[in-house]
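For reference, protein_2.cif is printed below; it contains mmCIF, C-alpha atoms.
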data_protein
#
loop_
_atom_site.group_PDB
_atom_site.id
_atom_site.type_symbol
_atom_site.label_atom_id
_atom_site.label_comp_id
_atom_site.auth_asym_id
_atom_site.auth_seq_id
_atom_site.Cartn_x
_atom_site.Cartn_y
_atom_site.Cartn_z
ATOM 1 C CA MET A 66 3.843 55.717 2.918
ATOM 2 C CA GLU A 67 6.691 58.189 2.837
ATOM 3 C CA GLU A 68 5.804 59.780 6.160
ATOM 4 C CA SER A 69 5.747 56.403 7.916
ATOM 5 C CA CYS A 70 9.306 55.698 6.830
ATOM 6 C CA GLN A 71 10.875 58.923 7.940
ATOM 7 C CA GLU A 72 12.046 58.923 11.530
ATOM 8 C CA ARG A 73 12.795 62.283 13.071
ATOM 9 C CA HIS A 74 16.423 61.680 13.967
ATOM 10 C CA ASN A 75 18.913 64.271 15.197
ATOM 11 C CA THR A 76 17.132 67.127 13.432
ATOM 12 C CA PHE A 77 16.508 70.370 15.277
ATOM 13 C CA ARG A 78 13.982 72.297 13.241
ATOM 14 C CA ILE A 79 12.763 75.417 15.011
ATOM 15 C CA LEU A 80 14.708 77.439 17.547
ATOM 16 C CA THR A 81 12.888 79.955 19.722
ATOM 17 C CA LEU A 82 14.898 82.463 21.737
ATOM 18 C CA VAL A 83 14.059 85.561 23.731
ATOM 19 C CA ASP A 84 16.136 88.649 23.046
ATOM 20 C CA GLN A 85 17.130 91.315 25.572
ATOM 21 C CA ALA A 86 13.941 93.246 24.883
ATOM 22 C CA GLY A 87 11.827 90.209 25.731
ATOM 23 C CA GLN A 88 10.785 89.575 22.133
ATOM 24 C CA PHE A 89 10.578 86.073 20.725
ATOM 25 C CA ILE A 90 12.974 85.149 17.941
ATOM 26 C CA THR A 91 11.974 82.077 15.926
ATOM 27 C CA THR A 92 14.122 80.638 13.174
ATOM 28 C CA PHE A 93 14.674 77.367 11.364
ATOM 29 C CA THR A 94 17.998 75.689 12.033
ATOM 30 C CA MET A 95 19.830 72.841 10.323
ATOM 31 C CA ALA A 96 18.069 70.515 7.906
ATOM 32 C CA THR A 97 14.314 69.949 7.910
ATOM 33 C CA LYS A 98 12.211 67.326 6.158
ATOM 34 C CA PHE A 99 9.591 68.579 3.764
ATOM 35 C CA SER A 100 6.972 66.559 5.652
ATOM 36 C CA ASP A 101 7.871 68.512 8.820
ATOM 37 C CA ILE A 102 7.088 71.908 7.318
ATOM 38 C CA GLY A 103 4.312 73.371 9.466
ATOM 39 C CA LYS A 104 4.827 70.672 12.090
ATOM 40 C CA GLY A 105 4.454 73.048 15.040
ATOM 41 C CA ALA A 106 0.943 74.128 14.045
ATOM 42 C CA LYS A 107 -0.075 70.583 13.050
ATOM 43 C CA ASP A 108 1.079 69.161 16.377
ATOM 44 C CA LEU A 109 -0.771 71.798 18.363
ATOM 45 C CA LEU A 110 -3.995 71.153 16.435
ATOM 46 C CA ASN A 111 -3.794 67.337 16.300
ATOM 47 C CA ASP A 112 -1.689 65.843 19.090
ATOM 48 C CA ASP A 113 -3.253 64.769 22.417
ATOM 49 C CA TYR A 114 -6.849 64.823 21.143
ATOM 50 C CA THR A 115 -8.159 61.286 21.476
ATOM 51 C CA SER A 116 -11.348 59.325 22.111
ATOM 52 C CA LYS A 117 -9.543 56.150 23.239
ATOM 53 C CA ILE A 118 -8.676 54.665 26.629
ATOM 54 C CA SER A 119 -5.034 53.571 26.661
ATOM 55 C CA LEU A 120 -2.104 52.688 28.890
ATOM 56 C CA LYS A 121 1.515 52.692 27.756
ATOM 57 C CA CYS A 122 4.266 51.306 29.972
ATOM 58 C CA LYS A 123 7.944 51.724 29.106
ATOM 59 C CA LYS A 124 10.786 49.966 30.878
ATOM 60 C CA ALA A 125 14.499 49.834 30.202
ATOM 61 C CA ALA A 126 16.134 46.431 30.653
ATOM 62 C CA GLY A 127 19.821 47.203 30.253
ATOM 63 C CA PRO A 128 20.430 48.290 26.646
ATOM 64 C CA VAL A 129 16.951 47.087 25.610
ATOM 65 C CA ALA A 130 13.788 49.202 25.913
ATOM 66 C CA VAL A 131 10.494 47.331 26.301
ATOM 67 C CA THR A 132 7.070 48.899 25.704
ATOM 68 C CA ILE A 133 3.612 47.470 26.410
ATOM 69 C CA GLU A 134 0.632 49.352 24.968
ATOM 70 C CA THR A 135 -2.912 48.438 26.006
ATOM 71 C CA GLU A 136 -6.021 49.955 24.469
ATOM 72 C CA GLN A 137 -9.730 49.507 25.104
ATOM 73 C CA GLY A 138 -11.777 48.751 22.002
ATOM 74 C CA SER A 139 -15.262 50.025 21.200
ATOM 75 C CA GLY A 140 -16.796 46.880 22.726
ATOM 76 C CA GLY A 141 -14.831 47.242 25.952
ATOM 77 C CA ALA A 142 -12.305 44.487 25.229
ATOM 78 C CA LEU A 143 -8.636 45.185 25.884
ATOM 79 C CA SER A 144 -5.910 44.574 23.308
ATOM 80 C CA SER A 145 -2.174 44.914 23.811
ATOM 81 C CA LYS A 146 0.978 45.367 21.770
ATOM 82 C CA VAL A 147 4.414 44.415 23.040
ATOM 83 C CA GLY A 148 7.474 46.015 21.509
ATOM 84 C CA THR A 149 11.152 46.583 22.011
ATOM 85 C CA LYS A 150 13.996 48.664 20.618
ATOM 86 C CA PHE A 151 17.753 48.249 20.810
ATOM 87 C CA SER A 152 20.968 48.630 18.838
ATOM 88 C CA ALA A 153 23.574 46.018 17.950
ATOM 89 C CA TYR A 154 26.657 46.095 15.702
ATOM 90 C CA GLY A 155 25.741 49.487 14.234
ATOM 91 C CA LEU A 156 22.186 48.425 13.351
ATOM 92 C CA SER A 157 19.271 50.014 15.203
ATOM 93 C CA PHE A 158 16.114 48.006 15.757
ATOM 94 C CA ASP A 159 13.829 51.000 16.153
ATOM 95 C CA LYS A 160 10.726 48.876 16.656
ATOM 96 C CA ALA A 161 10.136 45.152 16.938
ATOM 97 C CA GLN A 162 6.516 44.712 17.925
ATOM 98 C CA MET A 163 3.898 41.975 18.223
ATOM 99 C CA LYS A 164 0.249 43.028 17.966
ATOM 100 C CA ALA A 165 -2.884 41.514 19.463
ATOM 101 C CA ASP A 166 -4.125 40.269 16.072
ATOM 102 C CA GLY A 167 -0.924 38.295 15.546
ATOM 103 C CA GLY A 168 0.640 40.855 13.236
ATOM 104 C CA MET A 169 4.227 41.959 13.563
ATOM 105 C CA VAL A 170 6.048 45.230 12.966
ATOM 106 C CA LEU A 171 9.762 45.515 12.260
ATOM 107 C CA GLU A 172 11.626 48.784 11.795
ATOM 108 C CA THR A 173 15.396 48.921 11.464
ATOM 109 C CA SER A 174 17.854 51.614 10.448
ATOM 110 C CA MET A 175 21.542 52.281 9.959
ATOM 111 C CA ALA A 176 23.085 55.734 9.857
ATOM 112 C CA HIS A 177 26.384 56.788 8.325
ATOM 113 C CA SER A 178 28.532 59.761 9.258
ATOM 114 C CA SER A 179 28.130 61.091 5.703
ATOM 115 C CA GLY A 180 24.535 62.072 6.544
ATOM 116 C CA ILE A 181 22.898 59.040 4.922
ATOM 117 C CA LYS A 182 20.432 56.899 6.838
ATOM 118 C CA VAL A 183 19.011 53.669 5.387
ATOM 119 C CA ALA A 184 15.925 52.145 6.997
ATOM 120 C CA PHE A 185 13.552 49.245 6.520
ATOM 121 C CA LYS A 186 9.945 49.249 7.715
ATOM 122 C CA GLY A 187 7.769 46.186 7.589
ATOM 123 C CA ASN A 188 4.165 45.948 8.714
ATOM 124 C CA LYS A 189 1.392 45.166 6.268
ATOM 125 C CA GLY A 190 3.747 46.416 3.584
ATOM 126 C CA ALA A 191 7.513 46.692 3.295
ATOM 127 C CA ASP A 192 9.490 49.822 2.479
ATOM 128 C CA VAL A 193 13.152 50.691 2.096
ATOM 129 C CA CYS A 194 13.861 54.296 2.998
ATOM 130 C CA VAL A 195 16.900 56.483 2.410
ATOM 131 C CA ASP A 196 17.369 59.862 4.090
ATOM 132 C CA TYR A 197 20.167 62.270 3.241
ATOM 133 C CA LYS A 198 20.973 65.256 5.413
ATOM 134 C CA SER A 199 23.777 67.739 4.820
ATOM 135 C CA GLY A 200 23.875 71.307 6.044
ATOM 136 C CA ASN A 201 20.616 72.960 5.049
ATOM 137 C CA ILE A 202 19.494 70.159 2.666
ATOM 138 C CA TYR A 203 17.266 67.217 3.598
ATOM 139 C CA ALA A 204 16.268 64.679 0.931
ATOM 140 C CA THR A 205 14.351 61.402 1.262
ATOM 141 C CA GLY A 206 13.442 58.407 -0.863
ATOM 142 C CA VAL A 207 11.011 55.541 -0.152
ATOM 143 C CA LEU A 208 10.575 52.405 -2.266
ATOM 144 C CA ASP A 209 7.770 49.898 -1.785
ATOM 145 C CA VAL A 210 9.720 46.619 -2.005
ATOM 146 C CA LYS A 211 6.765 44.332 -1.237
ATOM 147 C CA ASP A 212 4.503 45.147 -4.172
ATOM 148 C CA MET A 213 6.913 47.394 -6.113
ATOM 149 C CA SER A 214 3.933 49.694 -6.551
ATOM 150 C CA LYS A 215 5.464 53.124 -6.019
ATOM 151 C CA PHE A 216 8.457 55.276 -5.214
ATOM 152 C CA SER A 217 8.276 58.507 -3.200
ATOM 153 C CA THR A 218 10.844 61.235 -2.799
ATOM 154 C CA SER A 219 11.109 64.639 -1.167
ATOM 155 C CA ALA A 220 13.607 67.446 -0.742
ATOM 156 C CA CYS A 221 13.761 70.546 1.417
ATOM 157 C CA LEU A 222 16.264 73.393 1.303
ATOM 158 C CA GLY A 223 16.915 76.143 3.831
ATOM 159 C CA VAL A 224 17.669 79.281 1.856
ATOM 160 C CA GLY A 225 18.397 81.551 4.824
ATOM 161 C CA SER A 226 16.568 84.265 6.770
ATOM 162 C CA GLY A 227 14.120 81.720 8.186
ATOM 163 C CA VAL A 228 12.928 80.499 4.768
ATOM 164 C CA LEU A 229 12.480 76.863 3.688
ATOM 165 C CA VAL A 230 11.410 75.623 0.246
ATOM 166 C CA GLY A 231 10.804 72.086 -0.956
ATOM 167 C CA GLY A 232 8.491 69.506 -2.442
ATOM 168 C CA ASN A 233 7.604 65.832 -2.673
ATOM 169 C CA MET A 234 6.557 63.470 -5.439
ATOM 170 C CA THR A 235 5.084 59.976 -5.689
ATOM 171 C CA TYR A 236 5.734 57.912 -8.821
ATOM 172 C CA GLY A 237 3.588 54.864 -9.555
ATOM 173 C CA LEU A 238 5.462 51.756 -10.711
ATOM 174 C CA SER A 239 2.461 49.476 -11.261
ATOM 175 C CA GLY A 240 -1.242 49.935 -11.895
ATOM 176 C CA LYS A 241 -1.492 53.681 -12.354
ATOM 177 C CA THR A 242 2.050 54.528 -13.416
ATOM 178 C CA GLY A 243 3.791 57.864 -13.663
ATOM 179 C CA VAL A 244 3.553 60.818 -11.297
ATOM 180 C CA THR A 245 0.562 60.188 -9.028
ATOM 181 C CA GLY A 246 1.252 62.827 -6.396
ATOM 182 C CA LEU A 247 3.068 66.152 -6.322
ATOM 183 C CA ASN A 248 3.302 68.878 -3.705
ATOM 184 C CA VAL A 249 5.454 71.972 -3.357
ATOM 185 C CA GLY A 250 5.680 74.357 -0.454
ATOM 186 C CA GLY A 251 7.691 76.503 1.850
ATOM 187 C CA ALA A 252 7.886 77.932 5.330
ATOM 188 C CA TYR A 253 8.903 81.184 6.952
ATOM 189 C CA ALA A 254 9.692 81.955 10.592
ATOM 190 C CA SER A 255 10.243 85.382 12.079
ATOM 191 C CA GLY A 256 9.857 86.452 15.684
ATOM 192 C CA PRO A 257 6.938 84.646 17.359
ATOM 193 C CA LEU A 258 5.298 83.760 14.018
ATOM 194 C CA SER A 259 5.919 80.758 11.802
ATOM 195 C CA ALA A 260 3.970 80.016 8.629
ATOM 196 C CA ALA A 261 3.924 77.070 6.240
ATOM 197 C CA LEU A 262 2.468 76.880 2.743
ATOM 198 C CA ASN A 263 1.671 73.676 0.856
ATOM 199 C CA ILE A 264 0.490 73.679 -2.758
ATOM 200 C CA ALA A 265 -1.083 70.625 -4.412
ATOM 201 C CA PRO A 266 -1.236 71.416 -8.153
ATOM 202 C CA LYS A 267 -3.452 68.416 -9.010
ATOM 203 C CA ALA A 268 -5.997 69.349 -6.346
ATOM 204 C CA SER A 269 -5.686 73.050 -7.205
ATOM 205 C CA SER A 270 -5.569 73.881 -3.517
ATOM 206 C CA VAL A 271 -3.292 75.711 -1.099
ATOM 207 C CA ASN A 272 -3.008 74.838 2.587
ATOM 208 C CA ILE A 273 -1.612 77.309 5.107
ATOM 209 C CA ASN A 274 -0.585 76.480 8.693
ATOM 210 C CA LEU A 275 0.171 79.311 11.102
ATOM 211 C CA LEU A 276 1.678 79.187 14.595
ATOM 212 C CA TYR A 277 2.000 82.241 16.835
ATOM 213 C CA LYS A 278 3.797 82.154 20.210
ATOM 214 C CA VAL A 279 2.128 84.845 22.293
ATOM 215 C CA ASN A 280 4.572 84.174 25.136
ATOM 216 C CA SER A 281 6.421 81.249 26.697
ATOM 217 C CA ASP A 282 3.136 79.799 28.004
ATOM 218 C CA LEU A 283 0.566 80.552 25.300
ATOM 219 C CA SER A 284 0.569 79.515 21.628
ATOM 220 C CA ILE A 285 -2.188 79.687 19.031
ATOM 221 C CA ALA A 286 -2.432 77.984 15.638
ATOM 222 C CA SER A 287 -4.654 77.768 12.599
ATOM 223 C CA SER A 288 -4.989 75.602 9.516
ATOM 224 C CA THR A 289 -6.775 76.865 6.407
ATOM 225 C CA SER A 290 -7.364 75.675 2.853
ATOM 226 C CA HIS A 291 -7.804 77.836 -0.223
ATOM 227 C CA SER A 292 -9.042 76.810 -3.668
ATOM 228 C CA LYS A 293 -10.854 78.128 -6.706
ATOM 229 C CA ASP A 294 -14.144 76.677 -5.487
ATOM 230 C CA LYS A 295 -13.749 77.968 -1.923
ATOM 231 C CA ALA A 296 -11.545 80.954 -1.265
ATOM 232 C CA LEU A 297 -11.263 80.286 2.485
ATOM 233 C CA ASP A 298 -11.947 77.108 4.419
ATOM 234 C CA VAL A 299 -10.903 77.275 8.074
ATOM 235 C CA LEU A 300 -9.990 73.670 8.900
ATOM 236 C CA ALA A 301 -9.122 74.266 12.562
ATOM 237 C CA VAL A 302 -8.210 76.995 15.054
ATOM 238 C CA GLY A 303 -6.780 76.232 18.472
ATOM 239 C CA GLY A 304 -4.431 77.118 21.272
ATOM 240 C CA ALA A 305 -2.282 75.672 24.041
ATOM 241 C CA TYR A 306 -1.616 77.193 27.452
ATOM 242 C CA LYS A 307 0.862 75.972 30.065
ATOM 243 C CA VAL A 308 -0.540 76.085 33.603
ATOM 244 C CA PRO A 309 1.999 75.783 36.447
ATOM 245 C CA SER A 310 1.617 72.602 38.532
ATOM 246 C CA VAL A 311 -1.114 71.347 36.171
ATOM 247 C CA GLY A 312 0.274 70.894 32.679
ATOM 248 C CA THR A 313 -0.745 72.022 29.235
ATOM 249 C CA LEU A 314 -4.340 72.900 28.425
ATOM 250 C CA LYS A 315 -5.365 72.691 24.776
ATOM 251 C CA ALA A 316 -8.548 73.541 22.880
ATOM 252 C CA LYS A 317 -9.574 73.739 19.247
ATOM 253 C CA ILE A 318 -12.595 73.962 16.993
ATOM 254 C CA GLY A 319 -12.713 72.336 13.562
ATOM 255 C CA SER A 320 -14.593 73.148 10.394
ATOM 256 C CA ASN A 321 -16.827 70.135 11.157
ATOM 257 C CA GLY A 322 -18.240 71.984 14.157
ATOM 258 C CA ILE A 323 -16.498 69.772 16.704
ATOM 259 C CA LEU A 324 -15.139 71.519 19.795
ATOM 260 C CA SER A 325 -12.277 69.635 21.460
ATOM 261 C CA ALA A 326 -10.263 70.130 24.631
ATOM 262 C CA ALA A 327 -7.350 68.278 26.208
ATOM 263 C CA VAL A 328 -5.104 68.459 29.245
ATOM 264 C CA VAL A 329 -1.634 66.919 29.452
ATOM 265 C CA GLY A 330 0.240 66.809 32.724
ATOM 266 C CA GLU A 331 2.632 64.812 34.871
ATOM 267 C CA VAL A 332 0.591 63.370 37.760
ATOM 268 C CA ALA A 333 3.566 61.558 39.315
ATOM 269 C CA PRO A 334 7.276 61.301 38.513
ATOM 270 C CA LYS A 335 7.585 59.866 34.986
ATOM 271 C CA VAL A 336 3.803 59.348 34.736
ATOM 272 C CA THR A 337 1.969 61.486 32.163
ATOM 273 C CA LEU A 338 -1.812 61.707 31.994
ATOM 274 C CA THR A 339 -3.676 62.904 28.905
ATOM 275 C CA GLY A 340 -7.392 63.590 29.090
ATOM 276 C CA SER A 341 -9.445 64.680 26.112
ATOM 277 C CA ALA A 342 -13.091 65.392 25.287
ATOM 278 C CA SER A 343 -15.006 66.593 22.249
ATOM 279 C CA ILE A 344 -18.567 67.650 21.464
ATOM 280 C CA SER A 345 -20.323 69.203 18.493
ATOM 281 C CA THR A 346 -21.440 72.804 18.691
ATOM 282 C CA SER A 347 -25.038 71.502 18.656
ATOM 283 C CA GLY A 348 -24.363 69.632 21.902
ATOM 284 C CA GLU A 349 -24.291 66.164 20.326
ATOM 285 C CA ASN A 350 -21.689 63.432 19.734
ATOM 286 C CA PHE A 351 -19.870 63.740 23.062
ATOM 287 C CA LYS A 352 -16.693 61.652 23.189
ATOM 288 C CA TYR A 353 -13.856 61.396 25.665
ATOM 289 C CA GLY A 354 -10.484 59.726 25.934
ATOM 290 C CA LEU A 355 -7.892 59.014 28.587
ATOM 291 C CA GLY A 356 -4.273 57.992 28.183
ATOM 292 C CA ILE A 357 -1.528 57.190 30.689
ATOM 293 C CA VAL A 358 2.154 56.848 29.836
ATOM 294 C CA MET A 359 4.579 55.595 32.462
#

Entire entry expressed as structure tokens:
Amino acid sequence: MEESCQERHNTFRILTLVDQAGQFITTFTMATKFSDIGKGAKDLLNDDYTSKISLKCKKAAGPVAVTIETEQGSGGALSSKVGTKFSAYGLSFDKAQMKADGGMVLETSMAHSSGIKVAFKGNKGADVCVDYKSGNIYATGVLDVKDMSKFSTSACLGVGSGVLVGGNMTYGLSGKTGVTGLNVGGAYASGPLSAALNIAPKASSVNINLLYKVNSDLSIASSTSHSKDKALDVLAVGGAYKVPSVGTLKAKIGSNGILSAAVVGEVAPKVTLTGSASISTSGENFKYGLGIVM
């Protein structure tokens, strides 16, 4: 629940420059959420891969932004969501959305110059979230105010020289009480390489996400898990390549034997097309997806 409450607002995480010798210089800047550690590798390996058919239309009506999202279900039927976002009197309505099943989503937030941001997110549940950002420190707190079932918190500290350290914790308030989740980790960025380490003491496992920028057009990433029972489990390996006048080509292979590919490009001004396909290495379970954003 913590991740759903934490908007990525005004936070620049990774800066990549090219020095006079043509070498890439990667470093973390400003404050970073603990949940965003390893985000570059995770995004490369997870974003844009889809097996759904969707259309998303965005239109600004003065100070109000309106979004209509339509998706084709497994039976071929179409379902839509209509949403809007706007700000009034210092309060931001980040999402006010009506869904096809009659459900509603409401997300609001208010930021203060002191670095504190308070947010509310209501969907099937209801959470109050507090983010605090100051210099190289980013801390968060999330309270389930609907069922009063749990409280989650996280903190991340930039210690210099491209190093981040932090952790998160979930504390149960009802049912199973006490500490129900705990993770610690860190990240390091130097040159074209960035690495993130996440340790889950209860699961006795370590996850490592790596991202390497070969050049301005080509990036490769990997995600691995390490535990006492299995020293090395390669969860996914993939890459992204920018092709002029086409867009970004992506491909990956997962530990489940599924090979996936995607292409993302602008087919017209302000119209982005995403096409994706996947198939098992045995030649079975072919799936495809297509998304348009305009």

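Compared by their closest atoms to Leu355 of chain A, and using all atoms listed in the file, the residues A:Leu110, A:Met213, A:Ala125, A:Ala342 rank with A:Ala342 nearest.
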
Identify which of the residues A:Gly250, A:Gly187, A:Gly105, A:Gly322 lies closest to Met169 of chain A, counting only C-alpha atoms when measuring atom-to-atom distances. A:Gly187

So the first atom is atom CA of Val230 of chain A and the second is atom CA of Ile285 of chain A; what is the distance between them in Å, to one decimal place? 23.5 Å

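Going from atom CA of Ala296 of chain A to atom CA of Ile318 of chain A covers 19.6 Å.
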
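Taking all atoms listed in the file, the non-local environment of Ser178 of chain A within 12 Å (same-chain residues fewer than 3 positions away omitted) comprises Gly155, Met175, Ile181, Lys182, Val183, Tyr197, Lys198 and Ser199 of chain A.
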
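What separates atom CA of Ser255 of chain A from atom CA of Gly227 of chain A is a distance of 6.6 Å.
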
Restrict the calculation to only C-alpha atoms, then for each residue of segment 279-316 of chain A with any atom at most 10 Å from an atom of segment 331-336 of chain A give the closest atom pair and their distance in Å to one decimal, rows by chain and rising residue number, as a Markdown table.
| residue | atom | partner | partner_atom | distance |
| --- | --- | --- | --- | --- |
| A:Ser310 | CA | A:Glu331 | CA | 8.7 |
| A:Val311 | CA | A:Glu331 | CA | 7.6 |
| A:Gly312 | CA | A:Glu331 | CA | 6.9 |
| A:Thr313 | CA | A:Glu331 | CA | 9.8 |

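Residues matched by the PyMOL selection byres ((chain A and resi 269-276) around 8) in this structure: A:Gly103, A:Gly105, A:Ala106, A:Lys107, A:Leu258, A:Ser259, A:Ala260, A:Ala261, A:Leu262, A:Asn263, A:Ile264, A:Ala265, A:Pro266, A:Lys267, A:Ala268, A:Tyr277, A:Lys278, A:Ser284, A:Ile285, A:Ala286, A:Ser287, A:Ser288, A:Thr289, A:Ser290, A:His291, A:Ser292, A:Lys293.
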
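The residues caught by the PyMOL selection byres ((chain A and resi 301) around 7) in this file are Ser287, Ser288, Val299, Leu300, Val302, Gly303, Lys317, Ile318, Gly319 and Ser320 of chain A.
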
Using only C-alpha atoms, which protein or nucleic acid residues come within 12 Å of segment 338-340 of chain A? Drop anything in the same chain fewer than 4 positions from it, and give the result as a PyMOL selection string. chain A and resi 112-121+311-316+325-334+352-359

Residues of the last selection are to be written out with C-alpha atoms, as a short mmCIF file (atom, residue, chain, number, x, y, z; two decimals), in the frame of the given file.
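The result, stored in part.cif:
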data_model
loop_
_atom_site.label_atom_id
_atom_site.label_comp_id
_atom_site.auth_asym_id
_atom_site.auth_seq_id
_atom_site.Cartn_x
_atom_site.Cartn_y
_atom_site.Cartn_z
CA ASP A 112 -1.69 65.84 19.09
CA ASP A 113 -3.25 64.77 22.42
CA TYR A 114 -6.85 64.82 21.14
CA THR A 115 -8.16 61.29 21.48
CA SER A 116 -11.35 59.32 22.11
CA LYS A 117 -9.54 56.15 23.24
CA ILE A 118 -8.68 54.66 26.63
CA SER A 119 -5.03 53.57 26.66
CA LEU A 120 -2.10 52.69 28.89
CA LYS A 121 1.52 52.69 27.76
CA VAL A 311 -1.11 71.35 36.17
CA GLY A 312 0.27 70.89 32.68
CA THR A 313 -0.74 72.02 29.24
CA LEU A 314 -4.34 72.90 28.42
CA LYS A 315 -5.36 72.69 24.78
CA ALA A 316 -8.55 73.54 22.88
CA SER A 325 -12.28 69.64 21.46
CA ALA A 326 -10.26 70.13 24.63
CA ALA A 327 -7.35 68.28 26.21
CA VAL A 328 -5.10 68.46 29.24
CA VAL A 329 -1.63 66.92 29.45
CA GLY A 330 0.24 66.81 32.72
CA GLU A 331 2.63 64.81 34.87
CA VAL A 332 0.59 63.37 37.76
CA ALA A 333 3.57 61.56 39.32
CA PRO A 334 7.28 61.30 38.51
CA LYS A 352 -16.69 61.65 23.19
CA TYR A 353 -13.86 61.40 25.66
CA GLY A 354 -10.48 59.73 25.93
CA LEU A 355 -7.89 59.01 28.59
CA GLY A 356 -4.27 57.99 28.18
CA ILE A 357 -1.53 57.19 30.69
CA VAL A 358 2.15 56.85 29.84
CA MET A 359 4.58 55.60 32.46
#

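For Asp159 of chain A, the set of protein, DNA and RNA residues having any atom at most 10 Å away, when counting only C-alpha atoms and skipping those fewer than 5 positions along the same chain, is A:Glu72, A:Ala130, A:Gly148, A:Thr149, A:Lys150, A:Phe151, A:Ser152, A:Leu171, A:Glu172, A:Thr173, A:Ser174, A:Met175, A:Ala184, A:Phe185, A:Lys186.
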
Using all atoms listed in the file, which residues sit within 12 Å of Gly243 of chain A once same-chain residues fewer than 4 positions away are excluded, as number ranges by chain? A: 214-217, 234-239, 247

Can you translate the PyMOL selection byres ((chain A and resi 201-211) around 9) into the concrete residues it hits in this file, as JSON, numbers by chain? {"A": [66, 67, 70, 71, 94, 95, 96, 97, 98, 99, 190, 191, 192, 193, 194, 195, 196, 197, 198, 199, 200, 212, 213, 214, 215, 216, 217, 218, 219, 220, 221, 222, 223, 224, 225, 233]}
